[in-house]
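With mmCIF, C-alpha atoms inside, this is my_file.cif:
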data_structure
loop_
_atom_site.label_atom_id
_atom_site.label_comp_id
_atom_site.auth_asym_id
_atom_site.auth_seq_id
_atom_site.Cartn_x
_atom_site.Cartn_y
_atom_site.Cartn_z
CA MET A 1 173.03 -31.25 -33.98
CA ALA A 2 169.67 -30.43 -32.50
CA GLY A 3 171.30 -27.76 -30.37
CA ALA A 4 173.14 -26.33 -33.35
CA ASP A 5 169.97 -26.24 -35.44
CA ALA A 6 168.10 -24.46 -32.70
CA ALA A 7 170.88 -21.91 -32.30
CA GLU A 8 170.82 -21.24 -36.04
CA ASP A 9 167.07 -20.75 -35.83
CA ALA A 10 167.55 -18.27 -33.03
CA VAL A 11 169.98 -16.22 -35.07
CA ALA A 12 168.11 -16.60 -38.38
CA ALA A 13 164.79 -15.25 -37.14
CA THR A 14 164.02 -12.04 -39.04
CA ASP A 15 161.60 -10.22 -36.82
CA ARG A 16 159.70 -7.17 -38.02
CA VAL A 17 158.06 -4.34 -36.14
CA GLY A 18 155.39 -2.02 -37.47
CA ILE A 19 152.28 -0.13 -36.66
CA GLY A 20 148.52 -0.11 -37.01
CA TRP A 21 147.59 2.25 -39.85
CA ARG A 22 144.80 4.51 -38.67
CA PRO A 23 143.31 7.32 -40.79
CA ALA A 24 143.69 9.93 -38.02
CA ILE A 25 147.48 9.53 -37.94
CA ALA A 26 148.08 8.23 -41.45
CA ALA A 27 149.82 11.34 -42.77
CA GLY A 28 152.32 11.32 -39.89
CA LEU A 29 152.93 7.61 -40.25
CA TYR A 30 153.48 7.94 -43.98
CA LEU A 31 156.15 10.59 -43.41
CA HIS A 32 158.01 8.07 -41.21
CA LEU A 33 157.28 4.98 -43.29
CA GLU A 34 160.91 3.89 -43.22
CA ALA A 35 160.57 3.28 -39.46
CA PHE A 36 158.00 0.54 -39.97
CA ASP A 37 158.80 -2.92 -41.36
CA VAL A 38 155.15 -3.86 -41.65
CA ILE A 39 151.74 -2.16 -41.58
CA GLU A 40 148.37 -3.33 -40.27
CA VAL A 41 145.26 -1.90 -41.95
CA ILE A 42 141.73 -2.43 -40.63
CA ALA A 43 139.93 -4.25 -43.45
CA ASP A 44 136.46 -3.18 -42.36
CA ASN A 45 137.34 0.50 -42.92
CA TYR A 46 137.72 -0.25 -46.63
CA LEU A 47 134.91 -2.70 -47.38
CA ARG A 48 132.84 0.11 -48.90
CA ALA A 49 135.70 2.34 -49.96
CA THR A 50 135.91 4.30 -53.15
CA ARG A 51 138.25 3.29 -55.94
CA ARG A 52 140.66 6.08 -54.97
CA GLU A 53 140.77 4.93 -51.35
CA ILE A 54 141.44 1.37 -52.49
CA ASP A 55 144.17 2.56 -54.85
CA ALA A 56 145.84 4.47 -52.00
CA ILE A 57 145.86 1.43 -49.70
CA LYS A 58 147.02 -0.75 -52.55
CA MET A 59 149.92 1.61 -53.17
CA LEU A 60 150.78 1.48 -49.48
CA ALA A 61 150.78 -2.33 -49.66
CA ARG A 62 153.39 -2.08 -52.42
CA GLN A 63 155.64 -0.03 -50.16
CA ARG A 64 155.39 -2.07 -46.97
CA PRO A 65 154.26 -5.63 -46.17
CA MET A 66 150.66 -5.31 -45.04
CA ASN A 67 148.33 -7.30 -42.83
CA LEU A 68 144.68 -6.64 -43.66
CA HIS A 69 143.05 -6.98 -40.26
CA GLY A 70 139.36 -7.88 -40.07
CA VAL A 71 137.10 -7.18 -37.11
CA GLY A 72 133.62 -7.96 -38.40
CA LEU A 73 133.38 -11.57 -39.53
CA GLY A 74 132.79 -13.15 -36.11
CA LEU A 75 134.40 -16.44 -37.10
CA ALA A 76 134.48 -17.96 -33.59
CA SER A 77 130.83 -18.83 -33.43
CA SER A 78 128.52 -21.80 -33.67
CA ILE A 79 126.66 -19.67 -36.23
CA ALA A 80 127.85 -19.87 -39.84
CA VAL A 81 129.80 -16.85 -41.10
CA ASP A 82 127.82 -14.31 -43.13
CA ARG A 83 128.77 -15.11 -46.73
CA LYS A 84 128.09 -11.60 -48.04
CA ARG A 85 130.50 -10.10 -45.53
CA LEU A 86 133.03 -12.80 -46.26
CA ASP A 87 132.73 -12.18 -49.99
CA ARG A 88 133.43 -8.48 -49.41
CA VAL A 89 136.54 -9.31 -47.39
CA ALA A 90 137.67 -11.73 -50.12
CA ARG A 91 137.17 -9.05 -52.76
CA LEU A 92 139.18 -6.54 -50.71
CA VAL A 93 142.02 -9.02 -50.17
CA GLY A 94 142.00 -9.69 -53.91
CA LEU A 95 142.21 -5.97 -54.70
CA ILE A 96 144.85 -5.02 -52.13
CA GLU A 97 146.92 -8.21 -52.29
CA PRO A 98 148.29 -7.85 -48.74
CA GLU A 99 150.98 -10.13 -47.41
CA ALA A 100 148.49 -11.58 -44.91
CA TRP A 101 145.00 -11.12 -43.54
CA SER A 102 143.66 -11.76 -40.09
CA GLU A 103 140.52 -12.02 -37.97
CA HIS A 104 139.58 -12.53 -34.35
CA LEU A 105 138.54 -15.52 -32.28
CA ALA A 106 135.33 -13.76 -31.39
CA PHE A 107 131.65 -13.57 -32.22
CA VAL A 108 130.14 -10.21 -33.12
CA ARG A 109 126.51 -10.99 -33.97
CA ALA A 110 123.85 -13.60 -33.27
CA GLY A 111 120.15 -13.92 -33.92
CA GLY A 112 120.18 -10.83 -36.12
CA ILE A 113 121.71 -8.67 -33.37
CA GLU A 114 124.91 -6.76 -34.09
CA ILE A 115 126.93 -6.50 -30.88
CA GLY A 116 129.30 -3.94 -32.38
CA HIS A 117 132.25 -5.32 -30.46
CA LEU A 118 134.44 -8.42 -30.34
CA SER A 119 132.85 -10.78 -27.82
CA ALA A 120 134.09 -14.02 -26.31
CA PRO A 121 131.79 -16.95 -27.12
CA PRO A 122 131.23 -19.79 -24.66
CA ARG A 123 134.26 -22.10 -24.90
CA THR A 124 132.41 -25.26 -25.84
CA ASP A 125 132.63 -28.09 -28.37
CA ALA A 126 129.97 -26.29 -30.41
CA THR A 127 131.89 -23.02 -30.78
CA THR A 128 135.12 -24.95 -31.38
CA ALA A 129 133.49 -26.85 -34.25
CA GLY A 130 131.77 -23.70 -35.51
CA ALA A 131 135.02 -21.72 -35.51
CA ILE A 132 136.85 -24.48 -37.36
CA ALA A 133 134.09 -24.65 -40.00
CA ASN A 134 134.01 -20.84 -40.38
CA ILE A 135 137.78 -20.55 -40.66
CA GLU A 136 137.86 -23.31 -43.28
CA CYS A 137 135.12 -21.49 -45.21
CA ALA A 138 136.99 -18.18 -44.94
CA THR A 139 140.22 -19.79 -46.10
CA ARG A 140 138.44 -21.29 -49.11
CA ILE A 141 136.63 -18.11 -50.12
CA VAL A 142 139.50 -15.67 -49.55
CA GLY A 143 142.11 -18.05 -50.93
CA THR A 144 144.54 -17.85 -48.01
CA ALA A 145 144.25 -18.77 -44.35
CA PRO A 146 143.68 -15.93 -41.89
CA GLN A 147 145.89 -15.35 -38.90
CA MET A 148 143.55 -15.80 -35.93
CA GLU A 149 143.84 -13.43 -32.96
CA ASN A 150 142.97 -14.00 -29.30
CA ILE A 151 140.69 -11.32 -27.83
CA ALA A 152 140.46 -9.54 -24.50
CA THR A 153 137.37 -10.10 -22.40
CA LEU A 154 136.18 -8.53 -19.16
CA LEU A 155 133.73 -11.38 -18.79
CA GLU A 156 134.46 -15.08 -18.68
CA PRO A 157 132.03 -16.60 -21.20
CA PRO A 158 129.27 -18.62 -19.48
CA ALA A 159 128.77 -22.38 -19.83
CA SER A 160 132.39 -22.83 -20.95
CA ILE A 161 133.87 -26.30 -20.60
CA MET A 162 137.49 -25.46 -21.38
CA ASP A 163 139.98 -22.75 -20.58
CA GLU A 164 141.04 -20.05 -23.02
CA ALA A 165 144.36 -21.59 -24.07
CA THR A 166 142.83 -25.03 -24.66
CA TRP A 167 139.99 -23.59 -26.72
CA ILE A 168 142.34 -21.48 -28.86
CA THR A 169 144.79 -24.34 -29.34
CA ARG A 170 142.07 -26.71 -30.51
CA ILE A 171 140.80 -24.23 -33.07
CA VAL A 172 144.09 -23.07 -34.59
CA GLU A 173 145.56 -26.57 -34.70
CA ALA A 174 142.49 -28.16 -36.29
CA SER A 175 142.23 -25.26 -38.76
CA HIS A 176 145.98 -25.29 -39.56
CA VAL A 177 146.07 -21.49 -39.37
CA PRO A 178 148.75 -19.15 -38.07
CA MET A 179 148.05 -17.26 -34.88
CA LEU A 180 148.16 -13.52 -34.29
CA LEU A 181 148.91 -13.31 -30.58
CA ASP A 182 147.77 -10.09 -28.94
CA LEU A 183 149.97 -9.88 -25.86
CA HIS A 184 147.96 -7.14 -24.16
CA ASN A 185 144.77 -9.16 -24.60
CA LEU A 186 146.57 -12.13 -23.07
CA TYR A 187 147.97 -9.98 -20.26
CA ALA A 188 144.59 -8.39 -19.48
CA ASN A 189 142.75 -11.72 -19.43
CA ALA A 190 145.37 -13.26 -17.15
CA CYS A 191 145.28 -10.28 -14.77
CA ASN A 192 141.48 -10.27 -14.66
CA ARG A 193 141.37 -14.00 -13.88
CA GLY A 194 144.16 -13.77 -11.33
CA GLU A 195 146.45 -15.93 -13.46
CA ASP A 196 150.15 -15.67 -14.21
CA PRO A 197 150.50 -14.04 -17.67
CA ARG A 198 153.70 -16.00 -18.37
CA ALA A 199 151.93 -19.28 -17.62
CA LEU A 200 149.10 -18.30 -19.97
CA LEU A 201 151.66 -17.42 -22.64
CA ALA A 202 153.32 -20.82 -22.23
CA ALA A 203 149.96 -22.57 -22.58
CA MET A 204 149.23 -20.93 -25.96
CA PRO A 205 150.02 -22.72 -29.27
CA LEU A 206 153.25 -20.75 -29.65
CA ASP A 207 154.51 -22.81 -32.57
CA ARG A 208 151.68 -21.28 -34.63
CA VAL A 209 152.36 -17.65 -33.72
CA THR A 210 153.58 -15.58 -36.66
CA GLY A 211 152.14 -12.21 -35.71
CA VAL A 212 152.01 -10.25 -32.47
CA ASP A 213 149.88 -7.26 -31.53
CA LEU A 214 150.86 -4.92 -28.72
CA SER A 215 148.42 -2.42 -27.29
CA GLY A 216 147.48 -0.94 -23.96
CA GLY A 217 144.63 -0.23 -21.62
CA LYS A 218 143.71 1.07 -18.20
CA TRP A 219 142.62 -0.24 -14.84
CA ILE A 220 138.94 0.36 -14.06
CA ASP A 221 136.99 -0.07 -10.84
CA ALA A 222 134.52 -2.95 -10.63
CA PRO A 223 131.09 -2.18 -9.09
CA SER A 224 131.62 -4.64 -6.21
CA GLY A 225 135.19 -3.58 -5.55
CA GLY A 226 138.52 -4.54 -6.99
CA ARG A 227 139.80 -3.57 -10.39
CA ARG A 228 139.84 -4.96 -13.90
CA LEU A 229 142.23 -4.26 -16.73
CA LEU A 230 140.37 -2.87 -19.75
CA ASP A 231 142.07 -3.31 -23.11
CA ASP A 232 141.07 -0.01 -24.70
CA HIS A 233 143.75 0.55 -27.35
CA LEU A 234 143.97 4.14 -26.08
CA HIS A 235 147.23 3.72 -24.16
CA GLY A 236 150.70 2.48 -24.95
CA PRO A 237 151.74 -1.09 -24.14
CA PRO A 238 152.84 -1.44 -20.48
CA ASP A 239 156.30 -2.77 -19.63
CA GLU A 240 154.81 -6.15 -18.68
CA VAL A 241 153.65 -6.62 -22.28
CA PHE A 242 157.12 -5.88 -23.65
CA GLU A 243 158.47 -8.43 -21.16
CA LEU A 244 156.02 -11.00 -22.56
CA LEU A 245 157.33 -10.17 -26.04
CA THR A 246 160.85 -10.90 -24.85
CA GLU A 247 159.66 -14.20 -23.39
CA LEU A 248 157.91 -15.10 -26.66
CA ALA A 249 161.03 -14.29 -28.72
CA ARG A 250 163.06 -16.42 -26.33
CA SER A 251 160.61 -19.31 -26.64
CA VAL A 252 160.02 -19.69 -30.39
CA PRO A 253 162.35 -20.08 -33.39
CA GLN A 254 160.12 -18.57 -36.06
CA SER A 255 160.20 -14.95 -37.19
CA LEU A 256 157.61 -12.63 -35.68
CA SER A 257 155.83 -9.62 -37.14
CA VAL A 258 154.94 -7.25 -34.32
CA ILE A 259 152.38 -4.46 -34.62
CA ILE A 260 151.86 -1.58 -32.19
CA GLU A 261 148.10 -0.97 -32.18
CA ARG A 262 146.28 2.14 -31.02
CA ASP A 263 142.78 3.23 -31.94
CA GLY A 264 142.60 6.71 -30.41
CA ASN A 265 144.11 9.16 -27.90
CA PHE A 266 147.04 9.24 -30.29
CA PRO A 267 150.37 10.46 -28.91
CA THR A 268 153.03 12.24 -30.93
CA ILE A 269 154.84 10.35 -33.64
CA GLU A 270 157.94 10.45 -31.42
CA VAL A 271 156.12 8.47 -28.73
CA LEU A 272 154.95 5.91 -31.28
CA LEU A 273 158.47 5.61 -32.68
CA GLY A 274 159.69 5.11 -29.11
CA GLU A 275 157.26 2.20 -28.70
CA ILE A 276 158.52 0.72 -31.98
CA ALA A 277 162.08 0.96 -30.66
CA GLN A 278 161.07 -0.61 -27.35
CA ALA A 279 159.49 -3.54 -29.22
CA ARG A 280 162.70 -4.02 -31.23
CA ARG A 281 164.74 -4.07 -28.03
CA ALA A 282 162.35 -6.56 -26.41
CA LEU A 283 162.61 -8.87 -29.43
CA ALA A 284 166.40 -8.56 -29.60
CA LYS A 285 166.69 -9.37 -25.90
CA GLY A 286 164.53 -12.47 -26.34
CA ARG A 287 166.53 -13.65 -29.34
CA SER A 288 169.79 -13.10 -27.46
CA LEU A 289 168.52 -15.13 -24.53
CA ARG A 290 167.41 -17.86 -26.93
CA ALA A 291 170.79 -17.96 -28.67
CA ALA A 292 172.63 -17.94 -25.33
CA ASN A 293 170.57 -20.86 -24.09
CA PHE A 294 171.76 -23.00 -26.99
CA MET A 295 175.42 -21.97 -27.04
CA PRO A 296 176.47 -24.43 -24.31
CA SER A 297 174.92 -27.23 -26.38
CA ILE A 298 177.00 -26.20 -29.39
CA ALA A 299 180.19 -26.00 -27.34
CA HIS A 300 179.48 -29.40 -25.85
CA ALA A 301 178.79 -30.91 -29.29
CA ALA A 302 182.02 -29.47 -30.69
CA MET B 1 118.47 -26.29 -27.04
CA SER B 2 121.65 -25.06 -28.67
CA ALA B 3 124.82 -23.07 -28.62
CA ILE B 4 123.18 -20.74 -31.14
CA GLY B 5 120.52 -19.91 -28.57
CA LEU B 6 123.18 -19.08 -25.98
CA GLU B 7 125.11 -16.80 -28.33
CA THR B 8 121.87 -15.09 -29.30
CA PHE B 9 120.98 -14.60 -25.66
CA LEU B 10 124.40 -13.07 -24.97
CA ALA B 11 124.10 -10.73 -27.96
CA ARG B 12 120.73 -9.57 -26.63
CA LEU B 13 122.05 -9.27 -23.07
CA TYR B 14 124.88 -7.00 -24.26
CA THR B 15 122.60 -4.72 -26.31
CA ASP B 16 119.17 -4.73 -24.61
CA SER B 17 119.10 -2.70 -21.39
CA ALA B 18 115.66 -4.00 -20.31
CA LEU B 19 116.77 -7.63 -20.56
CA ARG B 20 119.99 -6.76 -18.79
CA SER B 21 118.16 -5.16 -15.88
CA SER B 22 115.93 -8.18 -15.40
CA PHE B 23 118.89 -10.53 -15.82
CA LEU B 24 120.97 -8.76 -13.19
CA ALA B 25 117.97 -8.85 -10.82
CA ASP B 26 117.19 -12.53 -11.41
CA PRO B 27 119.38 -14.32 -13.99
CA ARG B 28 117.54 -17.66 -13.85
CA ALA B 29 114.12 -16.13 -14.36
CA ALA B 30 115.33 -13.84 -17.16
CA SER B 31 117.14 -16.59 -19.06
CA ALA B 32 114.36 -19.18 -18.55
CA GLN B 33 112.24 -17.21 -21.03
CA PHE B 34 114.64 -18.11 -23.85
CA ASP B 35 115.41 -21.29 -25.74
CA LEU B 36 118.25 -22.44 -23.50
CA THR B 37 119.21 -25.72 -21.85
CA ALA B 38 119.23 -26.12 -18.09
CA ALA B 39 123.03 -26.23 -18.18
CA GLU B 40 123.16 -22.99 -20.16
CA ILE B 41 120.80 -21.30 -17.70
CA GLU B 42 122.98 -22.45 -14.81
CA GLY B 43 126.03 -21.15 -16.66
CA LEU B 44 124.37 -17.79 -17.13
CA ALA B 45 123.29 -17.67 -13.50
CA ALA B 46 126.88 -18.23 -12.46
CA MET B 47 128.19 -15.34 -14.57
CA ASP B 48 130.24 -12.68 -12.90
CA ARG B 49 127.82 -9.72 -12.55
CA ASP B 50 130.65 -7.18 -12.38
CA GLY B 51 132.00 -8.63 -15.59
CA VAL B 52 128.61 -8.22 -17.28
CA VAL B 53 128.33 -4.58 -16.19
CA LEU B 54 131.89 -3.69 -17.22
CA ALA B 55 131.74 -5.60 -20.49
CA VAL B 56 128.51 -3.84 -21.43
CA ARG B 57 130.06 -0.42 -20.68
CA SER B 58 132.94 -1.26 -22.98
CA ILE B 59 130.63 -2.65 -25.66
CA THR B 60 128.43 0.45 -25.50
CA VAL B 61 131.39 2.75 -26.14
CA LYS B 62 132.53 0.62 -29.09
CA ARG B 63 129.00 0.29 -30.36
CA GLU B 64 128.50 4.05 -30.45
CA SER B 65 131.75 4.42 -32.36
CA TYR B 66 130.76 1.55 -34.67
CA LEU B 67 127.42 3.18 -35.50
CA ARG B 68 128.90 6.66 -36.04
CA PRO B 69 129.61 7.60 -39.68
CA ARG B 70 133.32 7.41 -40.39
CA ALA B 71 135.19 10.56 -41.28
CA ARG B 72 136.99 10.36 -44.59
CA SER B 73 140.35 11.40 -43.22
CA TRP B 74 142.42 9.34 -45.63
CA TRP B 75 142.93 12.16 -48.07
CA PRO B 76 146.01 13.92 -46.59
CA TRP B 77 148.26 10.88 -46.74
CA ARG B 78 146.83 9.80 -50.09
CA ARG B 79 148.04 13.14 -51.47
CA LEU B 80 151.49 12.35 -50.12
CA ILE B 81 151.55 9.09 -52.07
CA SER B 82 150.45 10.65 -55.34
#
Rewrite the structure from the file as structure tokens, please.
Amino acid sequence: MAGADAAEDAVAATDRVGIGWRPAIAAGLYLHLEAFDVIEVIADNYLRATRREIDAIKMLARQRPMNLHGVGLGLASSIAVDRKRLDRVARLVGLIEPEAWSEHLAFVRAGGIEIGHLSAPPRTDATTAGAIANIECATRIVGTAPQMENIATLLEPPASIMDEATWITRIVEASHVPMLLDLHNLYANACNRGEDPRALLAAMPLDRVTGVDLSGGKWIDAPSGGRRLLDDHLHGPPDEVFELLTELARSVPQSLSVIIERDGNFPTIEVLLGEIAQARRALAKGRSLRAANFMPSIAHAA
Amino acid sequence: MSAIGLETFLARLYTDSALRSSFLADPRAASAQFDLTAAEIEGLAAMDRDGVVLAVRSITVKRESYLRPRARSWWPWRRLIS
């Protein structure tokens, strides 16, 4: 029966693919809205928005399931989350009523200094406990748990006592939150550490993954030689990232909502639609492999 | 002292070019001026210098974009909705 149940799960998964809503390409995206199952909107762009801007996003949220994606709370920190910022996010979530909201496993400020970028904190017991406390606070204030996303880092955080996957797993499991797995962030971190991306994927808390982000980057030269992969969101996802999506869809039973993210250097809408189609094919391939893996079990049971 | 001190030091390292220059020249001496434990100073001294330089370049680009006023380019698609 276990095999049959798993096969049913594989078939029942209703995966969705959508896109990151960015003002610069919003008109083009809106004209092709039927191509997207789900939309991701950057929450921080609307924290000080006018009533008309809010109404427009709210109307969009009525037409497509929306993830309101935060970048400014800095929840993965030993420093308590800024309540004023959190209250603004809670108010926005209340106004827009998105299907889900999300934030990053990053810190963005400390000691009164705004970094202006998602930064990896030291992976210690202190930041683990701080992240858990901040996520619990955010869940309480906003009213729903955020999906928490792994970040890319060109720099291994100093004084860390655990690896990335262990640190993430401890936080999302103790917080009982879903995970938004950014596969390009994972791929870039693995490449830059000389690790196998598939092994890093397998080490993540995959049972908690409900959302997936796909983006791209470029290789840059390091001052002392060698190269690093920069996640810049200015390029399309590489084939290796789509292969990781296939592997993820093969590995988990739950439905996945996949977002293609790009923050600039926008291509034509046809290119973006091509990336959407490629993500659908990658998911379908993974689900087929998953179903095929369980078919012998069903035949044997029968 | 604390993890808070380490995060604060990192935030300053990423945004303060004078501190960064002294840190890259002598990480132990630069970090010893802050409220950090010996283990944290050793951790900082062991940081990958290339990683610091590249991360700061990336942060600087994002930071400039973050500080720039945002264009209100939502209007065209909002007209499509209404």
Could you list, as a PyMOL selection string, every residue within 10 Å of stretch 136-150 of chain A, counting only C-alpha atoms and ignoring same-chain residues fewer than 3 positions away? chain A and resi 67-70+73+75-76+80-81+83+86-94+100-106+120+130-133+153+164-165+168+171-172+174-186+204+208-213
Quote the spacing between atom CA of A:Arg62 and atom CA of A:Ile96 in Å to one decimal place.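 Taking atom CA of A:Arg62 as the start and atom CA of A:Ile96 as the end point, the length is 9.0 Å.
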Atom CA of A:Arg123 to atom CA of A:Glu247, distance in Å rounded to a single decimal: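 If I compute the distance from atom CA of A:Arg123 to atom CA of A:Glu247, I get 26.6 Å.
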Between A:Ala110, A:Ala49, A:Ala291, A:Leu60, smallest distance to chain B by all atoms listed in the file belongs to A:Ala110
A:Met162, A:Leu95, A:Trp219, A:Leu154: which is nearest A:Pro122, counting all atoms listed in the file?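 Selected residue with least distance to A:Pro122: A:Met162.
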Within 7 Å of chain B, which residues belong to chain A? Use all atoms listed in the file and report them as a VMD selection string. chain A and resid 23 to 24 26 to 27 30 56 78 to 79 109 to 111 113 115 to 117 121 126 154 to 155 158 to 159 222 to 224
Would you kindly identify which residues have an atom no farther than 8 Å from (142.9, -9.4, -9.5), using all atoms listed in the file and the file's own coordinates, and write them out as number ranges by chain? A: 191-194, 226-228
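The spacing separating atom CA of A:Leu47 from atom CA of A:Glu97 amounts to 14.1 Å.
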Near stretch 271-287 of chain A, counting all atoms listed in the file, which residues have an atom at most 9 Å away, once you skip same-chain residues fewer than 5 positions from it, shown as a PyMOL selection string? chain A and resi 10-11+13+15-19+32+35-36+214+236-237+242-253+256+258-260+266+292
Selected residues written out, C-alpha atoms, as a compact mmCIF listing (two decimals), in the coordinates of the input:
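To be explicit, this is the file written out as selection_12.txt:
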# COMPACT_ATOMS: atom_id res chain seq x y z
CA ALA A 10 167.55 -18.27 -33.03
CA VAL A 11 169.98 -16.22 -35.07
CA ALA A 13 164.79 -15.25 -37.14
CA ASP A 15 161.60 -10.22 -36.82
CA ARG A 16 159.70 -7.17 -38.02
CA VAL A 17 158.06 -4.34 -36.14
CA GLY A 18 155.39 -2.02 -37.47
CA ILE A 19 152.28 -0.13 -36.66
CA HIS A 32 158.01 8.07 -41.21
CA ALA A 35 160.57 3.28 -39.46
CA PHE A 36 158.00 0.54 -39.97
CA LEU A 214 150.86 -4.92 -28.72
CA GLY A 236 150.70 2.48 -24.95
CA PRO A 237 151.74 -1.09 -24.14
CA PHE A 242 157.12 -5.88 -23.65
CA GLU A 243 158.47 -8.43 -21.16
CA LEU A 244 156.02 -11.00 -22.56
CA LEU A 245 157.33 -10.17 -26.04
CA THR A 246 160.85 -10.90 -24.85
CA GLU A 247 159.66 -14.20 -23.39
CA LEU A 248 157.91 -15.10 -26.66
CA ALA A 249 161.03 -14.29 -28.72
CA ARG A 250 163.06 -16.42 -26.33
CA SER A 251 160.61 -19.31 -26.64
CA VAL A 252 160.02 -19.69 -30.39
CA PRO A 253 162.35 -20.08 -33.39
CA LEU A 256 157.61 -12.63 -35.68
CA VAL A 258 154.94 -7.25 -34.32
CA ILE A 259 152.38 -4.46 -34.62
CA ILE A 260 151.86 -1.58 -32.19
CA PHE A 266 147.04 9.24 -30.29
CA ALA A 292 172.63 -17.94 -25.33
Quick one: residues within 12 Å of B:Ser22, only C-alpha atoms, excluding same-chain residues fewer than 6 positions away - as a PyMOL selection string? chain B and resi 13+16+28-33
Complete stretch 172-177 of chain A with all heavy atoms (output as an mmCIF file, keeping the file's coordinate frame).
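And here is the file that came out, out27.cif:
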data_model
loop_
_atom_site.group_PDB
_atom_site.id
_atom_site.type_symbol
_atom_site.label_atom_id
_atom_site.label_comp_id
_atom_site.auth_asym_id
_atom_site.auth_seq_id
_atom_site.Cartn_x
_atom_site.Cartn_y
_atom_site.Cartn_z
ATOM 1 N N VAL A 172 143.032 -23.410 -33.620
ATOM 2 C CA VAL A 172 144.090 -23.070 -34.590
ATOM 3 C C VAL A 172 144.804 -24.324 -35.087
ATOM 4 O O VAL A 172 145.225 -24.382 -36.245
ATOM 5 C CB VAL A 172 145.104 -22.026 -34.045
ATOM 6 C CG1 VAL A 172 144.410 -20.729 -33.709
ATOM 7 C CG2 VAL A 172 145.875 -22.549 -32.870
ATOM 8 N N GLU A 173 144.900 -25.351 -34.235
ATOM 9 C CA GLU A 173 145.560 -26.570 -34.700
ATOM 10 C C GLU A 173 144.678 -27.340 -35.670
ATOM 11 O O GLU A 173 145.144 -27.836 -36.696
ATOM 12 C CB GLU A 173 145.994 -27.427 -33.512
ATOM 13 C CG GLU A 173 147.156 -26.760 -32.764
ATOM 14 C CD GLU A 173 147.838 -27.667 -31.764
ATOM 15 O OE1 GLU A 173 147.266 -28.731 -31.445
ATOM 16 O OE2 GLU A 173 148.926 -27.283 -31.297
ATOM 17 N N ALA A 174 143.390 -27.434 -35.372
ATOM 18 C CA ALA A 174 142.490 -28.160 -36.290
ATOM 19 C C ALA A 174 142.322 -27.398 -37.601
ATOM 20 O O ALA A 174 142.112 -28.014 -38.653
ATOM 21 C CB ALA A 174 141.138 -28.367 -35.628
ATOM 22 N N SER A 175 142.409 -26.076 -37.553
ATOM 23 C CA SER A 175 142.230 -25.260 -38.760
ATOM 24 C C SER A 175 143.535 -25.081 -39.538
ATOM 25 O O SER A 175 143.511 -24.573 -40.661
ATOM 26 C CB SER A 175 141.714 -23.861 -38.386
ATOM 27 O OG SER A 175 140.533 -23.944 -37.630
ATOM 28 N N HIS A 176 144.647 -25.443 -38.927
ATOM 29 C CA HIS A 176 145.980 -25.290 -39.560
ATOM 30 C C HIS A 176 146.218 -23.832 -39.959
ATOM 31 O O HIS A 176 146.681 -23.555 -41.065
ATOM 32 C CB HIS A 176 146.104 -26.206 -40.786
ATOM 33 C CG HIS A 176 145.765 -27.625 -40.497
ATOM 34 N ND1 HIS A 176 146.555 -28.436 -39.714
ATOM 35 C CD2 HIS A 176 144.703 -28.380 -40.872
ATOM 36 C CE1 HIS A 176 145.996 -29.635 -39.609
ATOM 37 N NE2 HIS A 176 144.863 -29.627 -40.303
ATOM 38 N N VAL A 177 145.872 -22.912 -39.068
ATOM 39 C CA VAL A 177 146.070 -21.490 -39.370
ATOM 40 C C VAL A 177 147.153 -20.909 -38.467
ATOM 41 O O VAL A 177 147.394 -21.414 -37.367
ATOM 42 C CB VAL A 177 144.769 -20.672 -39.171
ATOM 43 C CG1 VAL A 177 143.754 -21.012 -40.242
ATOM 44 C CG2 VAL A 177 144.191 -20.862 -37.778
#
